[in-house]
Every structure is written in structure tokens, then in C-alpha cells.
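Source file: protein17.txt. Holds: compact mmCIF, C-alpha atoms.
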# COMPACT_ATOMS: atom_id res chain seq x y z
CA MET A 1 105.87 112.38 110.88
CA ARG A 2 109.60 112.88 110.61
CA ILE A 3 111.64 110.94 108.07
CA GLY A 4 113.36 108.89 110.78
CA GLN A 5 109.98 107.83 112.15
CA LEU A 6 108.92 106.78 108.66
CA ALA A 7 112.07 104.66 108.33
CA ASP A 8 111.36 103.06 111.73
CA ARG A 9 107.81 102.20 110.65
CA LEU A 10 108.98 100.74 107.36
CA GLU A 11 111.53 98.59 109.16
CA ALA A 12 108.97 97.41 111.73
CA ALA A 13 106.52 96.52 108.96
CA GLY A 14 109.25 94.58 107.16
CA ASP A 15 110.11 92.70 110.33
CA ARG A 16 106.45 91.84 110.97
CA LEU A 17 105.99 90.68 107.40
CA ALA A 18 109.09 88.50 107.51
CA THR A 19 108.01 87.02 110.86
CA GLY A 20 104.53 86.36 109.51
CA ALA A 21 106.03 84.52 106.57
CA GLY A 22 107.30 81.82 108.88
CA ALA A 23 103.88 81.43 110.46
CA LEU A 24 102.29 80.51 107.14
CA SER A 25 103.46 76.93 107.50
CA ASP A 26 101.23 76.71 110.60
CA ALA A 27 98.23 77.19 108.30
CA ASP A 28 98.64 73.67 106.93
CA PRO A 29 95.88 71.56 108.51
CA GLY A 30 97.51 68.34 107.33
CA ALA A 31 96.77 65.99 104.50
CA GLY A 32 93.79 64.45 106.29
CA ALA A 33 91.86 67.72 106.03
CA PHE A 34 91.96 67.31 102.26
CA GLY A 35 90.83 63.69 102.32
CA ALA A 36 94.28 62.38 101.47
CA ASP A 37 93.79 59.42 103.80
CA ALA A 38 90.77 58.19 101.84
CA VAL A 39 91.06 55.24 99.49
CA GLY A 40 90.82 55.36 95.73
CA ARG A 41 90.30 58.44 93.62
CA THR A 42 89.12 60.55 96.57
CA GLY A 43 92.43 59.97 98.36
CA ASP A 44 94.36 60.74 95.17
CA VAL A 45 92.54 64.06 94.80
CA GLY A 46 93.04 64.83 98.51
CA ARG A 47 96.77 64.19 98.26
CA MET A 48 97.00 66.33 95.13
CA LEU A 49 95.08 69.16 96.85
CA HIS A 50 97.28 68.94 99.92
CA HIS A 51 100.40 69.04 97.76
CA ARG A 52 99.12 72.16 95.95
CA TRP A 53 98.11 73.76 99.25
CA GLY A 54 101.62 73.17 100.62
CA ALA A 55 103.25 74.56 97.46
CA ALA A 56 101.03 77.65 97.61
CA LEU A 57 101.85 78.23 101.29
CA THR A 58 105.56 77.87 100.58
CA ALA A 59 105.37 80.33 97.68
CA ARG A 60 103.39 82.88 99.73
CA ALA A 61 105.84 82.55 102.63
CA ARG A 62 108.76 83.14 100.26
CA GLU A 63 106.99 86.21 98.78
CA ALA A 64 106.17 87.62 102.22
CA ALA A 65 109.79 87.20 103.34
CA ALA A 66 111.01 88.93 100.16
CA HIS A 67 108.60 91.84 100.64
CA GLY A 68 109.69 92.12 104.27
CA ALA A 69 113.31 92.33 103.14
CA ARG A 70 112.38 95.00 100.57
CA LEU A 71 110.69 97.09 103.27
CA THR A 72 113.78 96.80 105.47
CA ASP A 73 115.97 97.82 102.53
CA THR A 74 113.65 100.77 101.87
CA ALA A 75 113.96 101.84 105.51
CA ASP A 76 117.75 101.80 105.15
CA ALA A 77 117.52 103.88 101.96
CA VAL A 78 115.23 106.41 103.67
CA ARG A 79 117.67 106.72 106.57
CA SER A 80 120.55 107.20 104.13
CA ALA A 81 118.64 109.89 102.22
CA ALA A 82 117.75 111.64 105.48
CA GLU A 83 121.41 111.72 106.49
CA ARG A 84 122.39 113.17 103.10
CA TYR A 85 119.71 115.86 103.53
CA ARG A 86 121.10 116.70 106.98
CA GLU A 87 124.63 116.91 105.57
CA THR A 88 123.44 119.16 102.73
CA ASP A 89 121.62 121.40 105.21
CA ARG A 90 124.73 121.67 107.40
CA ALA A 91 126.93 122.44 104.40
CA ALA A 92 124.51 125.09 103.10
CA ARG A 93 124.26 126.75 106.50
CA ALA A 94 128.02 126.75 106.89
CA ALA A 95 128.65 128.04 103.36
CA HIS A 96 126.14 130.84 103.63
CA ASP A 97 126.49 131.61 107.34
CA LEU A 98 122.70 131.59 107.70
CA ASP A 99 122.82 132.40 111.39
CA ALA A 100 124.34 135.83 110.66
CA GLY A 101 121.17 137.12 108.95
CA PRO A 102 120.41 137.81 105.30
CA ALA A 103 123.34 138.75 103.12
CA PRO A 104 123.13 142.05 101.25
CA VAL A 105 122.20 141.65 97.59
CA ALA A 106 124.84 142.92 95.20
CA GLN A 107 123.57 144.85 92.20
CA SER A 108 125.07 142.27 89.86
CA ASP A 109 122.94 139.55 91.52
CA VAL A 110 119.67 141.27 90.59
CA GLU A 111 118.08 140.38 87.31
CA VAL A 112 115.86 143.05 85.80
CA ARG A 113 113.14 141.95 83.41
CA PRO A 114 110.95 144.40 81.54
CA ASN A 115 107.24 144.00 82.12
CA LEU A 116 105.80 143.18 78.69
CA GLU A 117 102.26 142.69 79.93
CA VAL A 118 99.69 144.73 78.05
CA LEU A 119 97.02 146.32 80.19

Can you dump the structure from the file as C-alpha cells?
Amino acid sequence: MRIGQLADRLEAAGDRLATGAGALSDADPGAGAFGADAVGRTGDVGRMLHHRWGAALTARAREAAAHGARLTDTADAVRSAAERYRETDRAARAAHDLDAGPAPVAQSDVEVRPNLEVL
């Protein structure tokens, strides 16, 4: 996979996650499913449960949207890094004229190290 493809996948995942965050509110079956319409203590508990369920859904939707935004930001950073790599490659090729073949090695560029290994 090329780095641009990775960035595209990260962005698509971020978009899907952010879109899914909005769908979490559809998971609320309503207060009646928790017994909130009952009388007395049962209704009190049902209303409390429904309130907590709604708060949890809201928090998870907010988290999913934030993670989606982070993935999109990561995709942008990957694209930016890829462009900097391409620029560095172009600059290196231009500076060293890599298409002309290997440059001769000057004697001063060669480092000689004695072999101190004992046989």
C-alpha cells in the first residue's frame, strides 16, 4: 500500500466514524423501554435509567466524532509527510544528479579502518 492510499483509508475511516456518531442517537428506544411511564418507584427508576442511557449515548457520540476528526487530521499529516518525502527525494536527485550514474569516489572520501580482529 502506498502512503497516499493509507491517507485515503484513514480519512475514509474518520468520515465513517464521524457519520456513525450521529447515528448513535437512533439507538435510543425511548423512555418507555426503560419503564419510565410506570407509576411509583418503578417509573422513577425507569426515568433515571433512560436519562443515564441518553447521557451515555451522547458521550459515546461525542467521543466517536472526536476520534473521527483525529483520523482525518492524521490523514492530513500523512499526506503532508508524503509530500515532504517527495520534495526531499526530488532535491536529493537534483543535487546528486542520480540519473547520470554513480559519481566517482574521491580518495579523500574513503575512510580506511584497520582490521583489529584477531583470528

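Distances to Glu11 (chain A) were evaluated for A:Arg41, A:Arg84, A:His96, A:Arg70 using all atoms listed in the file, and the minimum falls at A:Arg70.
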
Distance query Ala33 (chain A) at most 12 Å, only C-alpha atoms, self and fewer than 2 positions along chain excluded, as a ChimeraX atom specification: /A:27-31,35-38,43,45-47,49-51,53

Let's have the selection written as a short mmCIF file (atom, residue, chain, number, x, y, z; two decimals), in the coordinates of the input, with C-alpha atoms.
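For reference, result_23.cif as written:
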data_model
loop_
_atom_site.label_atom_id
_atom_site.label_comp_id
_atom_site.auth_asym_id
_atom_site.auth_seq_id
_atom_site.Cartn_x
_atom_site.Cartn_y
_atom_site.Cartn_z
CA ALA A 27 98.23 77.19 108.30
CA ASP A 28 98.64 73.67 106.93
CA PRO A 29 95.88 71.56 108.51
CA GLY A 30 97.51 68.34 107.33
CA ALA A 31 96.77 65.99 104.50
CA GLY A 35 90.83 63.69 102.32
CA ALA A 36 94.28 62.38 101.47
CA ASP A 37 93.79 59.42 103.80
CA ALA A 38 90.77 58.19 101.84
CA GLY A 43 92.43 59.97 98.36
CA VAL A 45 92.54 64.06 94.80
CA GLY A 46 93.04 64.83 98.51
CA ARG A 47 96.77 64.19 98.26
CA LEU A 49 95.08 69.16 96.85
CA HIS A 50 97.28 68.94 99.92
CA HIS A 51 100.40 69.04 97.76
CA TRP A 53 98.11 73.76 99.25
#

A:Ala92, A:Ala81, A:Met48, A:Ala75 ranked by distance to Leu6 (chain A), top pick (using only C-alpha atoms): A:Ala75

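Interatomic distance, CA of Ala69 (chain A) against CA of Ala23 (chain A): 16.2 Å.
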
Nearest-residue call for Glu63 (chain A), choices A:Asp15, A:Ile3, A:Arg9, A:Ala21, using only C-alpha atoms: A:Ala21

Two-atom distance - CA of Leu71 (chain A), CA of Asp8 (chain A) (Å): 10.4 Å

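One distance worth recording is that between CA of Arg90 (chain A) and CA of Thr74 (chain A), which is 24.3 Å.
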
From A:Leu10, A:Thr42, A:Ala55, A:Thr88, residue lying nearest His67 (chain A) [only C-alpha atoms]: A:Leu10
